[in-house]
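Participant: I am sharing structure_32.txt, which consists of compact mmCIF, C-alpha atoms:
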# COMPACT_ATOMS: atom_id res chain seq x y z
CA MET A 802 -35.38 -26.70 48.09
CA PHE A 803 -32.42 -25.37 50.06
CA LEU A 804 -29.99 -27.40 47.95
CA LEU A 805 -31.50 -26.04 44.74
CA GLN A 806 -31.18 -22.45 45.99
CA ARG A 807 -27.54 -22.99 46.94
CA THR A 808 -26.69 -24.48 43.58
CA TRP A 809 -28.25 -21.56 41.76
CA THR A 810 -26.27 -19.07 43.89
CA GLU A 811 -23.03 -20.85 43.06
CA MET A 812 -23.89 -20.70 39.38
CA GLU A 813 -24.42 -16.95 39.66
CA LEU A 814 -21.04 -16.47 41.35
CA LEU A 815 -19.12 -18.59 38.82
CA PRO A 816 -18.90 -15.91 36.03
CA LEU A 817 -17.72 -13.34 38.61
CA VAL A 818 -14.96 -15.68 39.83
CA CYS A 819 -13.86 -16.34 36.23
CA PHE A 820 -13.77 -12.60 35.50
CA CYS A 821 -11.59 -11.97 38.57
CA LEU A 822 -9.20 -14.73 37.55
CA LEU A 823 -8.89 -13.31 34.04
CA THR A 824 -8.32 -9.81 35.39
CA CYS A 825 -5.64 -10.95 37.82
CA SER A 826 -3.88 -12.90 35.09
CA GLY A 827 -3.75 -9.80 32.93
CA THR A 828 -6.43 -10.65 30.37
CA THR A 829 -9.43 -8.36 30.33
CA PHE A 830 -12.24 -8.15 27.86
CA GLY A 831 -12.30 -4.91 25.93
CA ASP A 832 -8.52 -4.37 25.65
CA GLU A 833 -8.18 -2.08 22.66
CA VAL A 834 -5.71 -2.94 19.93
CA THR A 835 -4.02 0.00 18.20
CA LYS A 836 -2.84 -0.65 14.66
CA MET A 837 0.33 1.05 13.47
CA ARG A 838 1.78 0.84 9.95
CA VAL A 839 5.44 1.62 9.24
CA LYS A 840 8.00 0.93 6.52
CA THR A 841 11.19 -1.05 6.78
CA ASP A 842 14.30 0.86 7.93
CA GLU A 843 12.20 3.41 9.86
CA ASP A 844 12.08 3.91 13.65
CA VAL A 845 8.79 3.48 15.49
CA ILE A 846 7.56 4.52 18.95
CA LEU A 847 5.19 2.09 20.69
CA PRO A 848 3.15 4.13 23.21
CA CYS A 849 2.37 3.02 26.76
CA SER A 850 1.74 5.00 29.95
CA LEU A 851 0.51 4.58 33.51
CA ASP A 852 -1.45 7.80 33.81
CA SER A 853 0.87 10.34 35.50
CA THR A 854 2.28 7.90 38.05
CA ASN A 855 6.02 7.94 38.72
CA ILE A 856 7.19 4.50 37.55
CA ARG A 857 10.94 4.78 38.24
CA SER A 858 10.65 2.19 41.02
CA ASP A 859 8.17 -0.02 39.19
CA THR A 860 8.41 -2.81 36.62
CA PHE A 861 7.06 -2.92 33.08
CA ASP A 862 7.58 -5.43 30.33
CA TRP A 863 7.14 -5.33 26.54
CA LYS A 864 6.48 -8.61 24.74
CA LYS A 865 5.91 -9.54 21.10
CA ASP A 866 3.18 -12.08 20.32
CA ASP A 867 3.05 -12.89 24.07
CA GLN A 868 6.37 -14.76 23.80
CA LYS A 869 9.41 -12.76 22.72
CA GLU A 870 10.99 -10.44 25.26
CA VAL A 871 11.24 -7.03 23.58
CA PHE A 872 12.21 -4.81 26.52
CA GLN A 873 12.01 -5.03 30.30
CA TYR A 874 12.44 -2.35 32.96
CA ALA A 875 12.62 -3.00 36.71
CA ALA A 876 13.41 -0.17 39.13
CA GLY A 877 16.35 1.21 37.17
CA THR A 878 17.69 -1.95 35.56
CA HIS A 879 16.59 -2.74 32.02
CA SER A 880 17.39 -4.68 28.87
CA ASN A 881 20.20 -2.32 27.87
CA ASN A 882 22.11 -2.30 31.18
CA GLY A 883 22.14 -5.83 32.53
CA ARG A 884 18.82 -7.65 32.16
CA SER A 885 19.59 -10.55 29.83
CA ARG A 886 16.21 -12.01 28.86
CA GLN A 887 15.81 -9.85 25.74
CA ASP A 888 15.24 -11.74 22.48
CA PRO A 889 18.25 -11.49 20.09
CA GLN A 890 15.96 -9.99 17.42
CA PHE A 891 15.72 -6.77 19.47
CA LYS A 892 19.24 -6.63 20.91
CA GLY A 893 20.60 -3.07 20.74
CA ARG A 894 17.53 -1.76 18.87
CA VAL A 895 14.99 -0.98 21.62
CA PHE A 896 15.17 2.00 24.01
CA HIS A 897 12.90 3.56 26.63
CA PHE A 898 12.45 7.20 27.69
CA GLU A 899 14.44 7.45 30.93
CA ASP A 900 13.67 11.14 31.50
CA GLN A 901 9.92 10.57 31.25
CA LEU A 902 9.51 7.70 33.72
CA GLN A 903 8.45 10.07 36.51
CA SER A 904 5.41 11.05 34.42
CA GLY A 905 4.40 7.43 33.80
CA ASN A 906 5.77 7.05 30.25
CA ALA A 907 6.65 3.42 29.53
CA SER A 908 6.81 3.84 25.76
CA ILE A 909 9.68 2.35 23.77
CA VAL A 910 11.29 3.11 20.41
CA ILE A 911 12.40 0.33 18.04
CA ARG A 912 15.15 1.36 15.64
CA ASN A 913 15.64 0.23 12.07
CA ILE A 914 12.39 -1.70 11.65
CA THR A 915 12.53 -4.95 9.65
CA LYS A 916 9.79 -7.07 8.09
CA THR A 917 10.15 -9.68 10.85
CA ASP A 918 9.18 -7.03 13.43
CA SER A 919 5.55 -7.28 12.29
CA GLY A 920 3.30 -8.60 15.05
CA ARG A 921 1.41 -7.81 18.25
CA TYR A 922 3.19 -5.96 21.07
CA SER A 923 1.93 -5.79 24.68
CA CYS A 924 3.00 -3.37 27.41
CA ILE A 925 2.55 -5.09 30.78
CA PHE A 926 2.82 -3.88 34.39
CA PRO A 927 2.95 -7.21 36.25
CA PHE A 928 2.37 -5.80 39.76
CA PHE A 929 -0.64 -3.63 38.97
CA ARG A 930 -4.27 -4.68 39.05
CA ARG A 931 -4.74 -3.87 35.38
CA ARG A 932 -1.60 -5.46 34.01
CA THR A 933 -1.91 -4.83 30.27
CA ARG A 934 -1.75 -1.13 29.45
CA SER A 935 -1.16 -1.13 25.72
CA ILE A 936 -1.57 -3.54 22.79
CA ILE A 937 -0.08 -2.53 19.43
CA GLU A 938 -0.57 -4.39 16.15
CA LEU A 939 2.52 -3.43 14.16
CA ILE A 940 2.30 -3.78 10.37
CA VAL A 941 5.58 -3.40 8.48
CA ASP A 942 5.51 -2.62 4.76
CA CYS A 943 8.45 -3.68 2.62
CA ILE A 944 10.87 -1.31 0.94
CA LEU A 945 12.59 -3.57 -1.59
CA LYS A 946 16.29 -2.83 -2.01
CA ASP A 947 19.69 -4.49 -2.11
CA ARG A 948 20.42 -5.44 1.51
CA THR A 949 23.69 -7.26 0.86
CA GLY A 950 25.49 -5.12 3.45
CA ASP A 951 22.89 -5.74 6.16
CA LYS A 952 23.24 -8.37 8.87
CA ILE A 953 20.45 -10.56 7.49
CA GLY A 954 20.76 -14.28 6.86
CA GLY A 955 19.62 -16.00 3.66
CA LEU A 956 20.14 -13.08 1.27
CA SER A 957 20.09 -13.88 -2.43
CA PRO A 958 23.36 -13.08 -4.24
CA LYS A 959 23.39 -11.07 -7.48
CA PRO A 960 22.06 -13.22 -10.35
CA CYS A 961 24.52 -14.64 -12.87
CA VAL A 962 23.26 -13.69 -16.36
CA THR A 963 24.50 -15.24 -19.62
CA ASN A 964 23.71 -15.01 -23.34
CA LEU A 965 23.54 -18.73 -24.10
CA ASN A 966 22.76 -18.64 -27.80
CA GLN A 967 22.48 -15.74 -30.22
CA ALA A 968 21.03 -16.09 -33.72
CA TYR A 969 20.30 -13.38 -36.28
CA PHE A 970 16.90 -12.46 -34.89
CA GLU A 971 16.82 -13.92 -31.34
CA ALA A 972 18.99 -14.52 -28.29
CA GLN A 973 18.45 -16.90 -25.38
CA LEU A 974 19.31 -15.46 -21.98
CA GLU A 975 19.88 -17.42 -18.79
CA CYS A 976 19.60 -16.14 -15.22
CA LYS A 977 21.00 -18.30 -12.41
CA ILE A 978 20.67 -17.86 -8.63
CA GLN A 979 22.65 -20.43 -6.67
CA SER A 980 22.50 -21.79 -3.10
CA VAL A 981 19.84 -19.54 -1.50
CA PRO A 982 18.18 -20.61 1.81
CA LEU A 983 15.14 -18.36 1.27
CA LYS A 984 13.64 -19.14 -2.14
CA PRO A 985 13.39 -15.89 -4.18
CA GLU A 986 11.05 -14.89 -6.99
CA VAL A 987 13.06 -14.54 -10.21
CA GLN A 988 12.00 -12.49 -13.26
CA TRP A 989 13.43 -11.13 -16.49
CA LEU A 990 12.57 -7.45 -17.12
CA ASP A 991 13.24 -5.17 -20.09
CA SER A 992 14.60 -1.61 -19.96
CA ASP A 993 11.07 -0.30 -19.19
CA ASN A 994 10.70 -2.79 -16.31
CA ASN A 995 8.11 -4.81 -18.21
CA ILE A 996 8.11 -8.54 -17.46
CA VAL A 997 9.72 -10.55 -20.27
CA PRO A 998 7.96 -13.86 -21.10
CA ALA A 999 10.19 -16.71 -19.95
CA GLU A 1000 10.29 -20.47 -19.67
CA GLU A 1001 9.21 -22.27 -16.49
CA PRO A 1002 11.94 -21.75 -13.87
CA GLN A 1003 14.16 -24.74 -13.14
CA VAL A 1004 14.28 -25.12 -9.35
CA THR A 1005 16.47 -27.60 -7.48
CA GLU A 1006 16.93 -27.97 -3.72
CA SER A 1007 19.89 -29.42 -1.90
CA GLU A 1008 20.55 -29.34 1.86
CA GLY A 1009 17.90 -26.68 2.36
CA LYS A 1010 19.26 -24.34 -0.31
CA PHE A 1011 17.68 -23.47 -3.65
CA THR A 1012 19.21 -23.05 -7.10
CA ILE A 1013 17.00 -21.38 -9.70
CA ILE A 1014 17.55 -21.06 -13.47
CA LEU A 1015 15.29 -18.89 -15.63
CA LYS A 1016 15.63 -18.68 -19.42
CA ALA A 1017 14.05 -16.21 -21.86
CA SER A 1018 14.23 -15.59 -25.63
CA VAL A 1019 14.65 -11.91 -26.50
CA GLU A 1020 15.37 -9.42 -29.26
CA SER A 1021 17.94 -6.60 -29.17
CA GLY A 1022 17.73 -4.45 -26.05
CA ASP A 1023 18.75 -4.01 -22.43
CA TYR A 1024 17.53 -6.59 -19.92
CA HIS A 1025 17.97 -7.34 -16.23
CA CYS A 1026 17.26 -10.39 -14.13
CA VAL A 1027 15.70 -9.57 -10.75
CA SER A 1028 15.77 -11.72 -7.61
CA THR A 1029 13.19 -10.70 -4.95
CA GLN A 1030 12.80 -11.99 -1.38
CA GLU A 1031 9.68 -10.33 0.04
CA GLU A 1032 10.14 -11.92 3.48
CA ILE A 1033 13.29 -9.89 4.12
CA CYS A 1034 12.61 -6.99 1.70
CA HIS A 1035 15.69 -7.85 -0.35
CA GLN A 1036 15.92 -7.28 -4.11
CA VAL A 1037 19.00 -7.52 -6.31
CA ASP A 1038 19.51 -7.63 -10.08
CA SER A 1039 22.08 -8.07 -12.86
CA LYS A 1040 21.98 -6.43 -16.30
CA ILE A 1041 22.85 -7.62 -19.80
CA GLN A 1042 22.72 -5.99 -23.26
CA VAL A 1043 21.73 -7.83 -26.44
CA THR A 1044 22.61 -6.64 -29.95
CA LEU A 1045 21.46 -8.80 -32.85
CA GLN A 1046 23.14 -8.61 -36.28
CA GLY A 1047 20.22 -9.79 -38.40
CA GLU A 1048 17.84 -6.90 -37.87
CA CYS A 1049 16.88 -4.97 -41.01
CA LEU A 1050 17.43 -1.27 -41.43
CA PHE A 1051 14.81 0.61 -43.39
CA LEU A 1052 15.37 3.83 -45.35
CA ILE A 1053 12.46 6.19 -45.01
CA LEU A 1054 12.18 9.06 -47.49
CA TRP A 1055 10.09 12.01 -46.38
CA PRO A 1056 8.28 14.15 -49.10
CA SER A 1057 10.93 16.88 -48.93
CA HIS A 1058 13.67 14.27 -49.46
CA ILE A 1059 11.83 12.83 -52.48
CA ASN A 1060 11.79 16.27 -54.14
CA THR A 1061 15.52 16.60 -53.56
CA LEU A 1062 16.07 13.16 -55.05
CA VAL A 1063 14.03 13.99 -58.19
CA GLU A 1064 15.91 17.26 -58.69
CA GLN A 1065 19.22 15.44 -58.45
CA ILE A 1066 18.12 12.82 -60.97
CA ILE A 1067 16.96 15.50 -63.44
CA LYS A 1068 20.24 17.34 -63.01
CA ASN A 1069 22.25 14.21 -63.68
CA SER A 1070 20.08 13.39 -66.69
CA THR A 1071 20.67 16.85 -68.21
CA GLN A 1072 24.40 16.62 -67.69
CA ASP A 1073 24.80 13.13 -69.14
CA LYS A 1074 21.90 13.44 -71.64
CA THR A 1075 20.92 9.91 -70.63
CA THR A 1076 18.32 8.48 -68.31
CA GLN A 1077 19.81 7.77 -64.89
CA HIS A 1078 18.57 5.24 -62.38
CA ILE A 1079 18.82 5.49 -58.63
CA THR A 1080 21.89 3.52 -57.68
CA ASP A 1081 23.68 2.74 -54.44
CA SER A 1082 26.05 5.65 -55.14
CA ASP A 1083 23.04 8.03 -55.27
CA LEU A 1084 21.82 6.83 -51.90
CA SER A 1085 25.24 7.12 -50.31
CA SER A 1086 26.07 10.58 -51.70
CA SER A 1087 26.42 13.55 -49.35
CA THR A 1088 23.13 14.94 -50.70
CA TYR A 1089 21.25 12.29 -48.76
CA SER A 1090 23.53 11.90 -45.77
CA HIS A 1091 21.03 13.76 -43.58
CA TRP A 1092 18.14 11.35 -44.25
CA PRO A 1093 16.97 9.43 -41.15
CA VAL A 1094 17.65 5.71 -41.18
CA TYR A 1095 15.51 3.36 -39.09
So that I can check it, write out the structure of this file as structure tokens.

Facilitator:
Amino acid sequence: MFLLQRTWTEMELLPLVCFCLLTCSGTTFGDEVTKMRVKTDEDVILPCSLDSTNIRSDTFDWKKDDQKEVFQYAAGTHSNNGRSRQDPQFKGRVFHFEDQLQSGNASIVIRNITKTDSGRYSCIFPFFRRRTRSIIELIVDCILKDRTGDKIGGLSPKPCVTNLNQAYFEAQLECKIQSVPLKPEVQWLDSDNNIVPAEEPQVTESEGKFTIILKASVESGDYHCVSTQEEICHQVDSKIQVTLQGECLFLILWPSHINTLVEQIIKNSTQDKTTQHITDSDLSSSTYSHWPVY
């Protein structure tokens, strides 16, 4: 009976021991996650504070996805003045609020946000009982633009566009993107940014780089081929103009123009005393030079 009672007591203590271990290791149930949504190229402040405690002599650490070192502060030394564990992704982009440490502010600002900055950020005080003070889920929305001048690897170059074959009523356009590590989405668009129906893209891969060819048959107009890489918010395009020679021009006569034409015919008939027919010279005379031609 005594052994049974002892076993039951140990079983009651087990959850308490587990909870203490989790608390000491920094994981507590009920940690609230704050979601923040920003756009690429913006700056964002990730909030964290230790009440109103002066933390100038303390240590706090910001991590991304529990792995990457974002920013670390330890009694005056930090990631921007000597501590070298910071992940290269955040080098020179993350700063703390030095003048607010005495009031417990451990927040950081990340400059020039990129798509790859999306993720979960944790603010940790390793020498305090409650280690994790802030958890931020950062969601970064893309602003698509030409980022050729940015220090980003794998950017698609401007597409090479060519008019391969032009007949009287149709032209075949080709768009080619060559040697791109990050496979882009390629589309033909018209002057109103409507998607132009195209053939299946021809995609080849060599040594981890993609070459993509996209062909489309079009009529006269302005077109541009667009290469989009959502992962790095990069978009670049090239334009081409198509003018076909076989399109018909139609002469439209409005009611007022018809009256003018009849009056001219009657006048000519009276002068020549013969019946006149509408000829090419009639249509090209100055009397009708103001008629709209479509």

Participant: Is it possible to get the residues within 8 Å of (20.3, -2.9, -16.9) (coordinates as in the file, counting only C-alpha atoms) written as an mmCIF file with C-alpha atoms, keeping the file's coordinate frame?

Facilitator:
data_model
loop_
_atom_site.group_PDB
_atom_site.id
_atom_site.type_symbol
_atom_site.label_atom_id
_atom_site.label_comp_id
_atom_site.auth_asym_id
_atom_site.auth_seq_id
_atom_site.Cartn_x
_atom_site.Cartn_y
_atom_site.Cartn_z
ATOM 1 C CA SER A 992 14.600 -1.610 -19.960
ATOM 2 C CA ASP A 1023 18.750 -4.010 -22.430
ATOM 3 C CA TYR A 1024 17.530 -6.590 -19.920
ATOM 4 C CA HIS A 1025 17.970 -7.340 -16.230
ATOM 5 C CA SER A 1039 22.080 -8.070 -12.860
ATOM 6 C CA LYS A 1040 21.980 -6.430 -16.300
ATOM 7 C CA ILE A 1041 22.850 -7.620 -19.800
ATOM 8 C CA GLN A 1042 22.720 -5.990 -23.260
#

Participant: Suppose you want the space between CA of Ile953 (chain A) and CA of Ile911 (chain A); what is it in Å?

Facilitator: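 Calculated distance between CA of Ile953 (chain A) and CA of Ile911 (chain A) is 17.2 Å.
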
Participant: Leaving out Gln1036 (chain A) and any residue of its chain fewer than 2 positions from it, which residues lie within 6 Å of it when counting only C-alpha atoms, given as a list in words?

Facilitator: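 So the residues in contact are Leu945, Lys946, Asp947, Ser1028 and Thr1029 of chain A.
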
Participant: Nearest to Asp852 (chain A) among A:Leu902, A:Thr878, A:Arg886, A:Pro958, with distances taken over all atoms listed in the file: which residue is it?

Facilitator: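 Between A:Leu902, A:Thr878, A:Arg886, A:Pro958, the residue approaching Asp852 (chain A) most closely is A:Leu902.
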
Participant: Rounded to one decimal in Å, what is the spacing between CA of Pro982 (chain A) and CA of Phe1011 (chain A)?

Facilitator: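 Between CA of Pro982 (chain A) and CA of Phe1011 (chain A) the gap works out to 6.2 Å.
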
Participant: Please compute the CA of Thr835 (chain A)-CA of Ser850 (chain A) distance, one decimal, in Å.

Facilitator: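 Between CA of Thr835 (chain A) and CA of Ser850 (chain A) the gap is 14.0 Å.
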
Participant: What lies within 12 Å of Thr1012 (chain A) using all atoms listed in the file, ignoring chain neighbours under 6 positions off, as a VMD selection string?

Facilitator: chain A and resid 957 to 958 960 to 961 976 to 987 1002 to 1006 1028

Participant: Tell me which of A:Pro848, A:Gly877, A:Gly950, A:Gly955 sits closest to Ser935 (chain A), counting all atoms listed in the file.

Facilitator: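 So, comparing all the options, the nearest one is A:Pro848.
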